[in-house]
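Please read the structure below before turning to the comments.
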Amino acid sequence: MPNRQNQTVLDVVTHVQRHIDPTLSYRFACRVGMCGSCGMTVNGRPRWTCRTHVSKVAKDGKLQIAPLSNLPVIKDLAADMQPFFEKWQKAGGVFEPSKSRAEPVEPIRPNEPQRIAADEGIECINCGVCYAGCDTVRWNDDYLGPAALNRAWTLMNDRRDSAQKPRLAAVAANGGCHACHTHQSCQEYCPQSLNPTGSISLLKRLATKAYLKGELKP
């Protein structure tokens, strides 16, 4: 295929699908690093292929492209994200409002301590790159994963949410935050340079405090 300046790995995959093998399956949407749907494994590392330039990752002029790890494969380069989002839900990743829609929305000021604590984690777009790169996910099928636990941490800091106790119980159970080995793979691979390990460590602290107060059963 033609070698173009500033060519991305997604450009290569698209060229193959359009000109060489029209049956090739892969996933993408925005192409500008906003949606995270183009995640694949490139030369052994999970990446957003739309932001990965061939010139920076090719080894001896070669690319090895595979679907994201730690997930079932639907076909070719398209991984099945269902287990990822099932664990996201298991971690209590859905906001549970404490007020009805008839009541006014309670404002959250950007300088509030809890909002600041959750500030970075809110930027996660659930692309699954951290999940694909997580060693603990690879070893432990029950582990909820860094993205799900990061999401739980952000909601534990939202005072408008009504499900914080059951959520904390969920993330403190087997496969939850205490299963994290703090390898920092999620931070290393995150295209947004987020640190889910930091969120997980703070969940561990919350859970430990709850145990000591008798609010959680061991």
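Each chain of the structure tokens is named A, B, ... in the order shown, its residues numbered from 1; ligands are numbered from 1 in display order.
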Item checked: Near-Trp88 in chain A list (9 Å; only C-alpha atoms; drop same-chain fewer than 6 positions) as a PyMOL selection string -> chain A and resi 94+144-145+147-149+151-152
Next item on the list: Tell me which protein, DNA and RNA residues are within 7 Å of range 54-57 of chain A, counting only C-alpha atoms, leaving out same-chain ones fewer than 2 positions away, and put them as a ChimeraX atom specification.
Entry: /A:7-9,52,59
Let's have the selection written as a JSON list (two decimals), in the first residue's frame, with all heavy atoms.
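Result file is out-v9.json:
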[["chain", "number", "residue", "atom", "x", "y", "z"],
["A", 7, "GLN", "N", 0.74, 9.13, 8.19],
["A", 7, "GLN", "CA", -0.23, 8.04, 8.04],
["A", 7, "GLN", "C", -0.46, 7.35, 9.39],
["A", 7, "GLN", "O", 0.49, 7.04, 10.11],
["A", 7, "GLN", "CB", 0.31, 7.03, 7.03],
["A", 7, "GLN", "CG", -0.65, 6.00, 6.56],
["A", 7, "GLN", "CD", -0.03, 5.20, 5.42],
["A", 7, "GLN", "OE1", 1.15, 4.85, 5.47],
["A", 7, "GLN", "NE2", -0.80, 4.95, 4.37],
["A", 8, "THR", "N", -1.71, 7.11, 9.74],
["A", 8, "THR", "CA", -2.03, 6.44, 10.98],
["A", 8, "THR", "C", -2.28, 4.96, 10.73],
["A", 8, "THR", "O", -2.51, 4.52, 9.60],
["A", 8, "THR", "CB", -3.27, 7.05, 11.65],
["A", 8, "THR", "OG1", -4.43, 6.78, 10.85],
["A", 8, "THR", "CG2", -3.11, 8.55, 11.86],
["A", 9, "VAL", "N", -2.27, 4.19, 11.83],
["A", 9, "VAL", "CA", -2.57, 2.77, 11.73],
["A", 9, "VAL", "C", -4.01, 2.57, 11.23],
["A", 9, "VAL", "O", -4.28, 1.66, 10.44],
["A", 9, "VAL", "CB", -2.36, 2.07, 13.08],
["A", 9, "VAL", "CG1", -2.81, 0.61, 13.03],
["A", 9, "VAL", "CG2", -0.88, 2.15, 13.50],
["A", 52, "THR", "N", -2.37, 6.86, 16.31],
["A", 52, "THR", "CA", -1.09, 6.18, 16.28],
["A", 52, "THR", "C", -0.48, 6.27, 14.89],
["A", 52, "THR", "O", -1.00, 5.68, 13.93],
["A", 52, "THR", "CB", -1.26, 4.69, 16.67],
["A", 52, "THR", "OG1", -1.86, 4.62, 17.97],
["A", 52, "THR", "CG2", 0.08, 3.99, 16.68],
["A", 59, "LYS", "N", 8.07, -1.44, 13.25],
["A", 59, "LYS", "CA", 9.35, -2.03, 13.58],
["A", 59, "LYS", "C", 9.90, -2.71, 12.32],
["A", 59, "LYS", "O", 9.29, -3.64, 11.79],
["A", 59, "LYS", "CB", 9.19, -3.06, 14.71],
["A", 59, "LYS", "CG", 8.71, -2.44, 16.02],
["A", 59, "LYS", "CD", 8.53, -3.50, 17.10],
["A", 59, "LYS", "CE", 8.05, -2.86, 18.40],
["A", 59, "LYS", "NZ", 7.84, -3.89, 19.47]]
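The shell of residues at most 9 Å from range 121-127 of chain A, with only C-alpha atoms counted and near chain neighbours (fewer than 5 positions) removed, consists of Met34, Cys35, Gly36, Ser37, Cys38, Gly39, Trp48, Phe84, Phe85, Ala147, Ala148, Asn150, Arg151, Trp153, Thr154, Gln192, Leu194, Asn195, Pro196 and Ser199 of chain A.
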Selection export as an mmCIF file, in the first residue's frame, atoms kept: C-alpha atoms:
data_model
loop_
_atom_site.group_PDB
_atom_site.id
_atom_site.type_symbol
_atom_site.label_atom_id
_atom_site.label_comp_id
_atom_site.auth_asym_id
_atom_site.auth_seq_id
_atom_site.Cartn_x
_atom_site.Cartn_y
_atom_site.Cartn_z
ATOM 1 C CA MET A 34 -12.724 11.618 20.542
ATOM 2 C CA CYS A 35 -14.765 8.404 20.616
ATOM 3 C CA GLY A 36 -12.149 5.727 21.400
ATOM 4 C CA SER A 37 -13.883 3.116 19.247
ATOM 5 C CA CYS A 38 -10.848 2.340 17.056
ATOM 6 C CA GLY A 39 -8.855 0.616 19.789
ATOM 7 C CA TRP A 48 -6.210 4.201 19.555
ATOM 8 C CA PHE A 84 -16.300 -4.743 29.545
ATOM 9 C CA PHE A 85 -19.627 -2.959 29.961
ATOM 10 C CA ALA A 147 -12.343 1.634 33.773
ATOM 11 C CA ALA A 148 -15.272 0.234 35.747
ATOM 12 C CA ASN A 150 -12.599 4.451 37.912
ATOM 13 C CA ARG A 151 -16.233 5.134 37.029
ATOM 14 C CA TRP A 153 -14.867 6.293 42.071
ATOM 15 C CA THR A 154 -16.300 9.281 40.217
ATOM 16 C CA GLN A 192 -5.955 10.254 27.753
ATOM 17 C CA LEU A 194 -5.538 9.209 33.051
ATOM 18 C CA ASN A 195 -4.622 7.198 36.132
ATOM 19 C CA PRO A 196 -7.302 4.639 37.042
ATOM 20 C CA SER A 199 -8.929 6.040 41.582
#
Note to self: When you look at Pro97 in chain A with a cut-off of 6 Å (counting only C-alpha atoms), what residues show up, excluding the ones that are within fewer than 2 positions of it in the same chain? I need them as a PyMOL selection string.
What the structure shows: chain A and resi 99+161-162
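Proximity ranking of A:Pro104, A:Pro166, A:Pro83, A:Gly44 relative to Lys217 in chain A places A:Pro166 first, based on only C-alpha atoms.
Using only C-alpha atoms, the smallest distance between any of A:Ile65, A:Cys50, A:Cys134, A:Ala79 and Glu188 in chain A comes from A:Cys134.
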Note to self: Quick one: residues within 9 Å of Pro72 in chain A, only C-alpha atoms, excluding same-chain residues fewer than 3 positions away - as a PyMOL selection string?
What the structure shows: chain A and resi 68-69+78-83
Keeping C-alpha atoms for every residue in the selection just given, could you write it to a file as a PDB file, in the first residue's frame?
ATOM      1  CA  LEU A  68      -7.897  -5.651  21.822  1.00  0.00           C
ATOM      2  CA  SER A  69      -6.767  -8.271  24.330  1.00  0.00           C
ATOM      3  CA  ALA A  78     -13.435  -6.139  16.147  1.00  0.00           C
ATOM      4  CA  ALA A  79     -13.491  -7.078  19.837  1.00  0.00           C
ATOM      5  CA  ASP A  80     -16.718  -7.722  21.740  1.00  0.00           C
ATOM      6  CA  MET A  81     -17.084  -4.972  24.358  1.00  0.00           C
ATOM      7  CA  GLN A  82     -20.007  -6.643  26.143  1.00  0.00           C
ATOM      8  CA  PRO A  83     -17.937  -8.131  29.034  1.00  0.00           C
TER       9      PRO A  83
END
Note to self: At a cut-off of 8 Å, using only C-alpha atoms, what residues contact range 135-141 of chain A? Leave out same-chain residues fewer than 3 positions from it and give the result as a PyMOL selection string.
What the structure shows: chain A and resi 70+131-132+144-145+175+179-181+183+185
Note to self: Considering only helix (DSSP H, G or I) as DSSP defines it on the backbone, what residues of range 34-218 of chain A qualify? List them as a ChimeraX atom specification.
What the structure shows: /A:54-57,82-90,113-117,121-123,129-133,135-139,146-156,164-172,177-179,185-189,196-212
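Put simply, CA of Lys209 in chain A is 14.0 Å away from CA of Gln164 in chain A.
Closest approach to Thr197 in chain A among A:Val171, A:Cys130, A:Met40, A:Leu212: A:Cys130, based on only C-alpha atoms.
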Check: Between CA of Arg18 in chain A and CA of Leu63 in chain A, what is the spacing in Å?
Finding: 18.2 Å
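CA of Asp142 in chain A is positioned 11.2 Å from CA of Cys177 in chain A.
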Next item on the list: Taking the DSSP assignment computed from this structure's backbone, write out as a PyMOL selection string all residues of range 25-163 of chain A that belong to strand (DSSP E).
Entry: chain A and resi 39-42+45-48+65-66+73-75+78-79
